[in-house]
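Structure data (mmCIF, C-alpha atoms) from run_36.cif:
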data_coords
loop_
_atom_site.group_PDB
_atom_site.id
_atom_site.type_symbol
_atom_site.label_atom_id
_atom_site.label_comp_id
_atom_site.auth_asym_id
_atom_site.auth_seq_id
_atom_site.Cartn_x
_atom_site.Cartn_y
_atom_site.Cartn_z
ATOM 1 C CA MET A 537 66.788 129.059 96.353
ATOM 2 C CA ARG A 538 70.013 128.181 98.184
ATOM 3 C CA PHE A 539 71.285 124.630 98.512
ATOM 4 C CA LEU A 540 73.661 124.507 101.467
ATOM 5 C CA LEU A 541 75.068 121.349 103.018
ATOM 6 C CA ASP A 542 74.355 120.777 106.691
ATOM 7 C CA THR A 543 77.052 120.127 109.295
ATOM 8 C CA GLU A 544 76.981 116.358 108.899
ATOM 9 C CA GLN A 545 77.178 116.523 105.116
ATOM 10 C CA ARG A 546 80.125 118.920 105.248
ATOM 11 C CA ALA A 547 81.888 116.665 107.751
ATOM 12 C CA PHE A 548 81.266 113.682 105.463
ATOM 13 C CA ALA A 549 82.810 115.561 102.527
ATOM 14 C CA ASP A 550 85.784 116.638 104.640
ATOM 15 C CA SER A 551 86.425 113.090 105.862
ATOM 16 C CA LEU A 552 86.366 111.718 102.315
ATOM 17 C CA ASN A 553 88.642 114.499 101.110
ATOM 18 C CA ALA A 554 91.151 113.739 103.878
ATOM 19 C CA MET A 555 91.060 110.006 103.195
ATOM 20 C CA LEU A 556 91.524 110.418 99.445
ATOM 21 C CA THR A 557 94.287 113.004 99.861
ATOM 22 C CA ALA A 558 96.217 110.541 102.019
ATOM 23 C CA ALA A 559 95.650 107.768 99.455
ATOM 24 C CA ASP A 560 97.820 109.471 96.786
ATOM 25 C CA THR A 561 95.239 108.895 94.064
ATOM 26 C CA PRO A 562 97.529 109.856 91.121
ATOM 27 C CA SER A 563 99.640 106.750 91.757
ATOM 28 C CA VAL A 564 96.482 104.649 92.156
ATOM 29 C CA ILE A 565 95.145 105.999 88.836
ATOM 30 C CA ARG A 566 98.355 105.204 86.971
ATOM 31 C CA SER A 567 98.467 101.662 88.358
ATOM 32 C CA TRP A 568 94.816 101.150 87.421
ATOM 33 C CA SER A 569 95.500 102.380 83.888
ATOM 34 C CA ARG A 570 98.213 99.720 83.509
ATOM 35 C CA GLY A 571 95.833 96.966 84.637
ATOM 36 C CA ASP A 572 97.325 96.710 88.148
ATOM 37 C CA HIS A 573 94.225 96.887 90.342
ATOM 38 C CA ALA A 574 95.666 96.071 93.774
ATOM 39 C CA SER A 575 95.895 99.628 95.108
ATOM 40 C CA GLY A 576 92.616 100.546 93.420
ATOM 41 C CA ARG A 577 90.795 97.644 95.078
ATOM 42 C CA ALA A 578 92.232 98.608 98.446
ATOM 43 C CA LEU A 579 91.009 102.177 97.974
ATOM 44 C CA TRP A 580 87.610 100.836 96.803
ATOM 45 C CA ARG A 581 87.205 98.961 100.091
ATOM 46 C CA ARG A 582 88.033 102.102 102.060
ATOM 47 C CA ILE A 583 85.489 104.121 100.082
ATOM 48 C CA ALA A 584 82.870 101.435 100.708
ATOM 49 C CA GLY A 585 83.833 101.390 104.381
ATOM 50 C CA ALA A 586 83.043 105.115 104.489
ATOM 51 C CA GLY A 587 79.504 104.225 103.385
ATOM 52 C CA VAL A 588 79.567 105.654 99.869
ATOM 53 C CA PHE A 589 77.988 102.720 98.017
ATOM 54 C CA ALA A 590 75.582 102.049 100.867
ATOM 55 C CA LEU A 591 73.980 105.420 100.061
ATOM 56 C CA ALA A 592 72.350 103.822 97.009
ATOM 57 C CA VAL A 593 71.284 100.598 98.748
ATOM 58 C CA PRO A 594 68.089 100.199 100.848
ATOM 59 C CA GLU A 595 68.505 99.580 104.559
ATOM 60 C CA ALA A 596 66.849 96.170 104.183
ATOM 61 C CA TYR A 597 69.893 95.037 102.182
ATOM 62 C CA GLU A 598 72.620 96.390 104.480
ATOM 63 C CA GLY A 599 72.648 99.869 102.959
ATOM 64 C CA LEU A 600 71.908 103.313 104.348
ATOM 65 C CA GLY A 601 68.790 103.843 102.244
ATOM 66 C CA ALA A 602 68.407 105.836 99.058
ATOM 67 C CA ARG A 603 70.152 109.116 99.901
ATOM 68 C CA PRO A 604 70.907 110.923 96.639
ATOM 69 C CA VAL A 605 72.043 114.198 98.245
ATOM 70 C CA GLU A 606 74.694 112.474 100.347
ATOM 71 C CA LEU A 607 75.659 110.384 97.329
ATOM 72 C CA ALA A 608 76.202 113.584 95.348
ATOM 73 C CA VAL A 609 78.353 114.958 98.187
ATOM 74 C CA ALA A 610 80.494 111.811 98.061
ATOM 75 C CA PHE A 611 80.868 111.761 94.285
ATOM 76 C CA VAL A 612 82.016 115.378 94.187
ATOM 77 C CA GLU A 613 84.938 114.290 96.379
ATOM 78 C CA LEU A 614 85.562 111.161 94.291
ATOM 79 C CA GLY A 615 85.715 113.383 91.213
ATOM 80 C CA ARG A 616 87.912 115.930 92.976
ATOM 81 C CA HIS A 617 90.463 113.158 93.466
ATOM 82 C CA ALA A 618 89.790 111.435 90.094
ATOM 83 C CA VAL A 619 89.282 108.052 91.768
ATOM 84 C CA PRO A 620 89.329 105.276 89.125
ATOM 85 C CA GLY A 621 86.946 102.367 88.794
ATOM 86 C CA PRO A 622 83.282 101.727 87.943
ATOM 87 C CA LEU A 623 81.972 103.997 90.678
ATOM 88 C CA VAL A 624 78.950 105.284 88.779
ATOM 89 C CA GLU A 625 78.178 101.832 87.401
ATOM 90 C CA THR A 626 78.102 100.317 90.892
ATOM 91 C CA VAL A 627 75.543 102.924 91.925
ATOM 92 C CA MET A 628 73.550 102.190 88.778
ATOM 93 C CA ALA A 629 73.698 98.453 89.529
ATOM 94 C CA ALA A 630 72.113 99.099 92.920
ATOM 95 C CA ALA A 631 69.149 100.683 91.126
ATOM 96 C CA LEU A 632 68.980 97.960 88.471
ATOM 97 C CA LEU A 633 68.895 95.207 91.094
ATOM 98 C CA SER A 634 65.942 96.592 93.033
ATOM 99 C CA ALA A 635 63.710 93.511 92.642
ATOM 100 C CA PRO A 636 63.469 91.822 96.086
ATOM 101 C CA GLY A 637 65.040 88.501 95.079
ATOM 102 C CA LEU A 638 67.910 90.123 93.242
ATOM 103 C CA ALA A 639 68.411 92.764 95.908
ATOM 104 C CA LYS A 640 68.744 90.241 98.713
ATOM 105 C CA ARG A 641 71.224 88.214 96.690
ATOM 106 C CA LEU A 642 73.430 90.958 95.241
ATOM 107 C CA LEU A 643 73.066 94.313 97.003
ATOM 108 C CA PRO A 644 74.764 93.562 100.369
ATOM 109 C CA SER A 645 78.070 92.819 98.647
ATOM 110 C CA LEU A 646 77.827 96.053 96.610
ATOM 111 C CA ALA A 647 77.162 98.107 99.746
ATOM 112 C CA SER A 648 80.097 96.554 101.603
ATOM 113 C CA GLY A 649 82.550 96.955 98.720
ATOM 114 C CA GLU A 650 83.104 93.217 98.446
ATOM 115 C CA ALA A 651 81.652 93.369 94.924
ATOM 116 C CA MET A 652 82.353 95.846 92.149
ATOM 117 C CA ALA A 653 79.768 96.256 89.382
ATOM 118 C CA THR A 654 79.704 97.478 85.841
ATOM 119 C CA ALA A 655 76.729 97.876 83.526
ATOM 120 C CA ALA A 656 76.087 98.616 79.860
ATOM 121 C CA PRO A 657 73.434 98.014 77.196
ATOM 122 C CA ALA A 658 74.010 94.902 75.086
ATOM 123 C CA GLY A 659 76.517 95.522 72.317
ATOM 124 C CA SER A 660 78.105 98.605 73.888
ATOM 125 C CA TYR A 661 81.261 99.010 75.931
ATOM 126 C CA ALA A 662 81.248 98.642 79.709
ATOM 127 C CA LEU A 663 83.650 100.376 82.048
ATOM 128 C CA ASP A 664 86.215 98.127 83.765
ATOM 129 C CA GLY A 665 84.532 94.888 82.791
ATOM 130 C CA ASP A 666 87.833 93.090 83.400
ATOM 131 C CA VAL A 667 87.882 93.911 87.102
ATOM 132 C CA ALA A 668 84.171 94.086 87.967
ATOM 133 C CA THR A 669 82.746 91.070 89.783
ATOM 134 C CA THR A 670 79.140 91.861 88.799
ATOM 135 C CA ARG A 671 78.589 92.564 85.083
ATOM 136 C CA LEU A 672 75.093 93.654 84.086
ATOM 137 C CA THR A 673 73.790 94.070 80.572
ATOM 138 C CA TRP A 674 70.346 94.483 79.095
ATOM 139 C CA ASP A 675 68.550 93.941 75.799
ATOM 140 C CA PRO A 676 64.865 93.726 74.747
ATOM 141 C CA ASP A 677 64.618 90.386 76.578
ATOM 142 C CA GLY A 678 65.543 91.901 79.941
ATOM 143 C CA LEU A 679 68.405 92.345 82.394
ATOM 144 C CA ARG A 680 71.194 89.761 82.379
ATOM 145 C CA MET A 681 74.310 88.878 84.289
ATOM 146 C CA ALA A 682 76.884 88.875 81.494
ATOM 147 C CA SER A 683 78.783 85.640 81.034
ATOM 148 C CA GLY A 684 82.118 87.417 80.687
ATOM 149 C CA HIS A 685 83.921 90.192 78.874
ATOM 150 C CA GLY A 686 85.999 90.773 75.783
ATOM 151 C CA PRO A 687 89.483 92.282 75.517
ATOM 152 C CA VAL A 688 90.272 95.590 77.175
ATOM 153 C CA ARG A 689 90.159 98.619 74.901
ATOM 154 C CA ALA A 690 91.844 101.938 75.619
ATOM 155 C CA SER A 691 89.739 105.076 75.943
ATOM 156 C CA LEU A 692 90.357 108.799 75.993
ATOM 157 C CA ASP A 693 90.839 108.566 79.755
ATOM 158 C CA PRO A 694 93.471 105.826 80.337
ATOM 159 C CA ALA A 695 91.888 105.055 83.714
ATOM 160 C CA ARG A 696 88.547 104.243 82.044
ATOM 161 C CA ARG A 697 89.245 100.753 80.659
ATOM 162 C CA LEU A 698 86.520 99.585 78.272
ATOM 163 C CA THR A 699 85.371 96.059 77.449
ATOM 164 C CA ARG A 700 82.431 94.556 75.613
ATOM 165 C CA LEU A 701 80.289 92.317 77.791
ATOM 166 C CA LEU A 702 79.694 88.893 76.276
ATOM 167 C CA PRO A 703 76.150 88.030 75.177
ATOM 168 C CA GLY A 704 74.018 85.472 76.968
ATOM 169 C CA GLY A 705 74.399 84.848 80.669
ATOM 170 C CA GLU A 706 71.833 84.465 83.419
ATOM 171 C CA LEU A 707 68.551 86.255 82.835
ATOM 172 C CA LEU A 708 67.919 88.188 86.033
ATOM 173 C CA THR A 709 64.567 89.703 85.070
ATOM 174 C CA PRO A 710 62.527 89.810 81.861
ATOM 175 C CA GLU A 711 61.531 93.392 82.643
ATOM 176 C CA PRO A 712 63.333 96.310 80.935
ATOM 177 C CA PRO A 713 65.755 98.241 83.165
ATOM 178 C CA ALA A 714 64.071 100.650 85.553
ATOM 179 C CA ALA A 715 64.142 104.202 84.179
ATOM 180 C CA HIS A 716 65.382 105.588 87.480
ATOM 181 C CA ALA A 717 68.623 103.578 87.181
ATOM 182 C CA LEU A 718 69.814 105.936 84.441
ATOM 183 C CA THR A 719 68.828 108.916 86.591
ATOM 184 C CA TRP A 720 71.028 107.624 89.422
ATOM 185 C CA ALA A 721 73.906 107.065 86.991
ATOM 186 C CA ARG A 722 73.586 110.585 85.603
ATOM 187 C CA LEU A 723 73.420 112.103 89.080
ATOM 188 C CA ALA A 724 76.629 110.350 90.149
ATOM 189 C CA THR A 725 78.350 111.317 86.884
ATOM 190 C CA THR A 726 77.253 114.932 87.361
ATOM 191 C CA ALA A 727 78.708 115.097 90.861
ATOM 192 C CA GLN A 728 81.904 113.420 89.709
ATOM 193 C CA ALA A 729 82.291 115.929 86.868
ATOM 194 C CA LEU A 730 81.763 118.862 89.228
ATOM 195 C CA GLY A 731 84.506 117.514 91.492
ATOM 196 C CA VAL A 732 86.857 117.123 88.528
ATOM 197 C CA GLY A 733 86.176 120.721 87.484
ATOM 198 C CA LEU A 734 86.786 122.047 90.989
ATOM 199 C CA ALA A 735 90.084 120.180 91.201
ATOM 200 C CA LEU A 736 91.201 121.528 87.818
ATOM 201 C CA LEU A 737 90.363 125.062 88.894
ATOM 202 C CA ASP A 738 92.222 124.730 92.212
ATOM 203 C CA ARG A 739 95.304 123.277 90.518
ATOM 204 C CA THR A 740 95.328 125.975 87.867
ATOM 205 C CA VAL A 741 94.958 128.808 90.383
ATOM 206 C CA GLU A 742 97.937 127.450 92.308
ATOM 207 C CA TYR A 743 99.959 127.102 89.110
ATOM 208 C CA VAL A 744 99.384 130.640 87.843
ATOM 209 C CA LYS A 745 100.491 131.969 91.230
ATOM 210 C CA ARG A 746 103.891 130.324 90.696
ATOM 211 C CA ARG A 747 104.535 130.607 86.965
ATOM 212 C CA SER A 748 106.256 133.774 85.790
ATOM 213 C CA GLN A 749 106.482 135.319 82.347
ATOM 214 C CA PHE A 750 108.573 138.382 81.526
ATOM 215 C CA GLY A 751 109.448 138.513 85.218
ATOM 216 C CA VAL A 752 105.788 138.749 86.296
ATOM 217 C CA VAL A 753 103.571 136.089 87.846
ATOM 218 C CA ILE A 754 100.983 135.227 85.171
ATOM 219 C CA GLY A 755 98.219 135.103 87.759
ATOM 220 C CA SER A 756 98.403 138.897 87.874
ATOM 221 C CA PHE A 757 97.416 139.224 84.204
ATOM 222 C CA GLN A 758 93.879 140.481 83.717
ATOM 223 C CA ALA A 759 93.153 138.020 80.918
ATOM 224 C CA VAL A 760 94.156 135.097 83.139
ATOM 225 C CA LYS A 761 91.966 136.366 85.968
ATOM 226 C CA HIS A 762 89.004 136.636 83.613
ATOM 227 C CA GLN A 763 89.435 133.072 82.340
ATOM 228 C CA LEU A 764 89.610 131.679 85.863
ATOM 229 C CA ALA A 765 86.648 133.776 86.977
ATOM 230 C CA ASP A 766 84.566 132.430 84.089
ATOM 231 C CA ALA A 767 85.468 128.869 85.082
ATOM 232 C CA LYS A 768 84.639 129.547 88.727
ATOM 233 C CA ILE A 769 81.241 131.065 87.865
ATOM 234 C CA ALA A 770 80.291 128.131 85.621
ATOM 235 C CA LEU A 771 81.180 125.588 88.307
ATOM 236 C CA GLU A 772 79.369 127.505 91.037
ATOM 237 C CA PHE A 773 76.244 127.783 88.886
ATOM 238 C CA ALA A 774 76.345 124.013 88.345
ATOM 239 C CA ARG A 775 76.584 123.226 92.069
ATOM 240 C CA PRO A 776 73.001 124.204 93.070
ATOM 241 C CA LEU A 777 71.662 122.457 89.974
ATOM 242 C CA LEU A 778 73.357 119.268 91.154
ATOM 243 C CA PHE A 779 71.937 119.391 94.661
ATOM 244 C CA GLY A 780 68.545 120.575 93.447
ATOM 245 C CA ALA A 781 68.444 117.562 91.129
ATOM 246 C CA ALA A 782 69.473 115.286 93.991
ATOM 247 C CA LEU A 783 66.480 116.549 95.971
ATOM 248 C CA SER A 784 63.947 116.087 93.179
ATOM 249 C CA MET A 785 65.502 113.101 91.343
ATOM 250 C CA THR A 786 63.456 113.838 88.243
ATOM 251 C CA GLU A 787 64.826 112.921 84.833
ATOM 252 C CA SER A 788 64.785 116.475 83.510
ATOM 253 C CA ASP A 789 66.380 118.050 86.601
ATOM 254 C CA VAL A 790 69.221 115.533 86.643
ATOM 255 C CA ALA A 791 69.757 115.901 82.888
ATOM 256 C CA ALA A 792 69.927 119.700 83.225
ATOM 257 C CA ALA A 793 72.427 119.403 86.058
ATOM 258 C CA LYS A 794 74.557 117.008 84.024
ATOM 259 C CA VAL A 795 74.746 119.414 81.104
ATOM 260 C CA ALA A 796 75.718 122.309 83.385
ATOM 261 C CA ALA A 797 78.321 120.429 85.433
ATOM 262 C CA CYS A 798 79.920 118.522 82.567
ATOM 263 C CA GLU A 799 80.128 121.578 80.320
ATOM 264 C CA ALA A 800 81.566 123.629 83.186
ATOM 265 C CA ALA A 801 84.162 120.949 83.942
ATOM 266 C CA TYR A 802 85.073 120.631 80.255
ATOM 267 C CA ALA A 803 85.443 124.407 79.872
ATOM 268 C CA THR A 804 87.577 124.494 83.012
ATOM 269 C CA ALA A 805 89.752 121.714 81.564
ATOM 270 C CA ARG A 806 90.329 123.756 78.421
ATOM 271 C CA THR A 807 91.242 126.790 80.491
ATOM 272 C CA ALA A 808 93.557 124.729 82.680
ATOM 273 C CA LEU A 809 95.322 123.309 79.638
ATOM 274 C CA GLN A 810 95.798 126.739 78.073
ATOM 275 C CA LEU A 811 97.143 128.344 81.244
ATOM 276 C CA HIS A 812 99.507 125.477 82.009
ATOM 277 C CA GLY A 813 101.019 125.667 78.535
ATOM 278 C CA ALA A 814 103.022 122.784 77.105
ATOM 279 C CA ILE A 815 103.413 120.987 80.431
ATOM 280 C CA GLY A 816 99.651 120.437 80.519
ATOM 281 C CA TYR A 817 99.924 118.133 77.494
ATOM 282 C CA THR A 818 102.354 115.707 79.110
ATOM 283 C CA ALA A 819 100.998 112.428 80.444
ATOM 284 C CA GLU A 820 103.593 112.466 83.229
ATOM 285 C CA TYR A 821 102.120 115.648 84.704
ATOM 286 C CA ASP A 822 99.252 114.910 87.095
ATOM 287 C CA LEU A 823 96.972 117.518 85.502
ATOM 288 C CA SER A 824 96.395 115.131 82.581
ATOM 289 C CA LEU A 825 94.590 112.691 84.881
ATOM 290 C CA TRP A 826 91.847 115.271 85.431
ATOM 291 C CA LEU A 827 91.855 116.707 81.906
ATOM 292 C CA THR A 828 91.028 113.391 80.261
ATOM 293 C CA LYS A 829 88.416 112.540 82.874
ATOM 294 C CA ALA A 830 86.567 115.819 82.325
ATOM 295 C CA ARG A 831 86.264 115.016 78.627
ATOM 296 C CA ALA A 832 85.213 111.408 79.210
ATOM 297 C CA LEU A 833 82.537 112.247 81.781
ATOM 298 C CA ARG A 834 80.995 114.772 79.392
ATOM 299 C CA GLY A 835 79.740 111.903 77.237
ATOM 300 C CA ALA A 836 79.182 109.252 79.920
ATOM 301 C CA TRP A 837 75.552 108.189 80.448
ATOM 302 C CA GLY A 838 74.207 110.854 78.130
ATOM 303 C CA ASP A 839 76.098 113.423 76.077
ATOM 304 C CA PRO A 840 75.010 117.100 76.174
ATOM 305 C CA ALA A 841 72.622 116.725 73.215
ATOM 306 C CA THR A 842 70.907 113.711 74.786
ATOM 307 C CA CYS A 843 70.549 115.425 78.154
ATOM 308 C CA ARG A 844 69.219 118.621 76.574
ATOM 309 C CA ALA A 845 66.609 116.526 74.757
ATOM 310 C CA ALA A 846 65.593 115.002 78.103
ATOM 311 C CA VAL A 847 65.178 118.483 79.569
ATOM 312 C CA LEU A 848 63.083 119.654 76.624
ATOM 313 C CA SER A 849 60.884 116.563 76.837
ATOM 314 C CA GLY A 850 60.041 117.578 80.392
ATOM 315 C CA GLY A 851 60.706 114.151 81.860
ATOM 316 C CA GLY A 852 59.459 114.346 85.425
ATOM 317 C CA ARG A 853 59.479 110.749 86.590
ATOM 318 C CA ARG A 854 60.488 110.367 90.217
ATOM 319 C CA TRP A 855 62.428 107.405 91.599
#
What do you get writing this file as structure tokens?
Amino acid sequence: MRFLLDTEQRAFADSLNAMLTAADTPSVIRSWSRGDHASGRALWRRIAGAGVFALAVPEAYEGLGARPVELAVAFVELGRHAVPGPLVETVMAAALLSAPGLAKRLLPSLASGEAMATAAPAGSYALDGDVATTRLTWDPDGLRMASGHGPVRASLDPARRLTRLLPGGELLTPEPPAAHALTWARLATTAQALGVGLALLDRTVEYVKRRSQFGVVIGSFQAVKHQLADAKIALEFARPLLFGAALSMTESDVAAAKVAACEAAYATARTALQLHGAIGYTAEYDLSLWLTKARALRGAWGDPATCRAAVLSGGGRRW
């Protein structure tokens, strides 16, 4: 089966790519990593204005309806440009806040970009809890609006700033979180990882065309071609899994797609680092912004072992 984007979906991807290219995301990422969120917030509003967050919000609450395929298209581009912020968590929050009373109160501001959400189980670390305006946490008693956050903790990816959400806070619903919220989070993470992998591949191909060794461009070496071909094949095999999962939105399909995309992106990151040589290790070189993100996304919202277990369990719940 072939999963091809239609004309409107391709145009949507192209428009996001153009907008994010013009935004100079490397400088935005570095500012975000230092705790300066001004440029990141401005970019967030532009992304929301393009309708990205509205793709996870029902039309009744000022969204565009649940459109997972288009959301996947958008998150591939967000990953391609390594956009910082709790992007996945805002999508997850839209699924967590599906109860009518909560939805009417909280979803319009998420769709418009006025609000920024993060979410995490009680006792674990939440992404960008210091900048998020909506902080959701859950325990056996139900879903809560966290009362605040603890100090910021560094992570492998400097742009992924971690905080513990404080216990207590307003009880939003005594029901456990909806299972499909995790499926939405994994889908968005999968698309983001695929975009990161594609960007790493593109940057590495361009680099090996310029770098010479022994008077010869290294891109002409057979071993280099084979490494890049392996990375390309892995990413292209992950792409239809992503869009197939977006069509079905079953737990097992999304988990399988996450394993494929995240492992492909991580393998591409390792190849990119090897072919760039010592410069790839330097934090000042932009490649590092994608390298660390590929590793971080591999474990976000389900590491490979957890996702493989979900596939083997045959989880087929639909949203």
_Output of the PyMOL selection byres ((chain A and resi 615-622) around 8), listed as a ChimeraX atom specification_ = /A:553,556-557,561-562,564-565,568,576,611-614,623-626,652-654,663-664,668,695-696,727-735,825-826,829
*Using the chain letters and numbering of this document, enumerate as a PyMOL selection string the residues selected by the PyMOL selection byres ((chain A and resi 699-711) around 10).*
chain A and resi 632-633+635+637-638+654-666+671-690+696-698+712-714
_With only C-alpha atoms as the counted atoms, please give the residues lying no more than 10 Å from segment 594-596 of chain A, apart from itself and same-chain residues fewer than 3 positions off, as a ChimeraX atom specification._
/A:590-591,599-603,630-631,634,636,639-640,643-644,647
_Restricting the calculation to all atoms listed in the file: of A:Thr719, A:Ser756, A:Ser645, A:Ser824, which residue gets closest to Ser784 of chain A?_
A:Thr719
*Which residues fall under the PyMOL selection byres ((chain A and resi 739-750) around 8) in this file, as a PyMOL selection string?*
chain A and resi 735-738+751-756+764+808+811-812+823
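The space separating atom CA of Ser691 of chain A from atom CA of Ala805 of chain A comes to 17.6 Å.
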*Hey, can you check how far atom CA of Arg570 of chain A sits from atom CA of Thr818 of chain A?*
17.1 Å
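A straight line drawn from atom CA of Thr543 of chain A to atom CA of Gly585 of chain A is 20.5 Å long.
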Give me the box for segment 684-697 of chain A as AutoDock Vina command-line options, namely the centre and edge lengths in Å to one decimal of a box along x, y and z that holds every listed atom plus 4 Å on each side.
--center_x 87.8 --center_y 98.1 --center_z 79.3 --size_x 19.4 --size_y 29.4 --size_z 16.8
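In this comparison, which uses all atoms listed in the file, the residue of A:Gln545, A:Ser575, A:Ser648, A:Thr670 approaching Ala608 of chain A most closely is A:Gln545.
Compared by their closest atoms to Ala717 of chain A, and using all atoms listed in the file, the residues A:Ser563, A:Thr786, A:Ser849, A:Thr842 rank with A:Thr786 nearest.
Compared by their closest atoms to Leu827 of chain A, and using only C-alpha atoms, the residues A:Thr669, A:Ser788, A:Gln810, A:Gln758 rank with A:Gln810 nearest.
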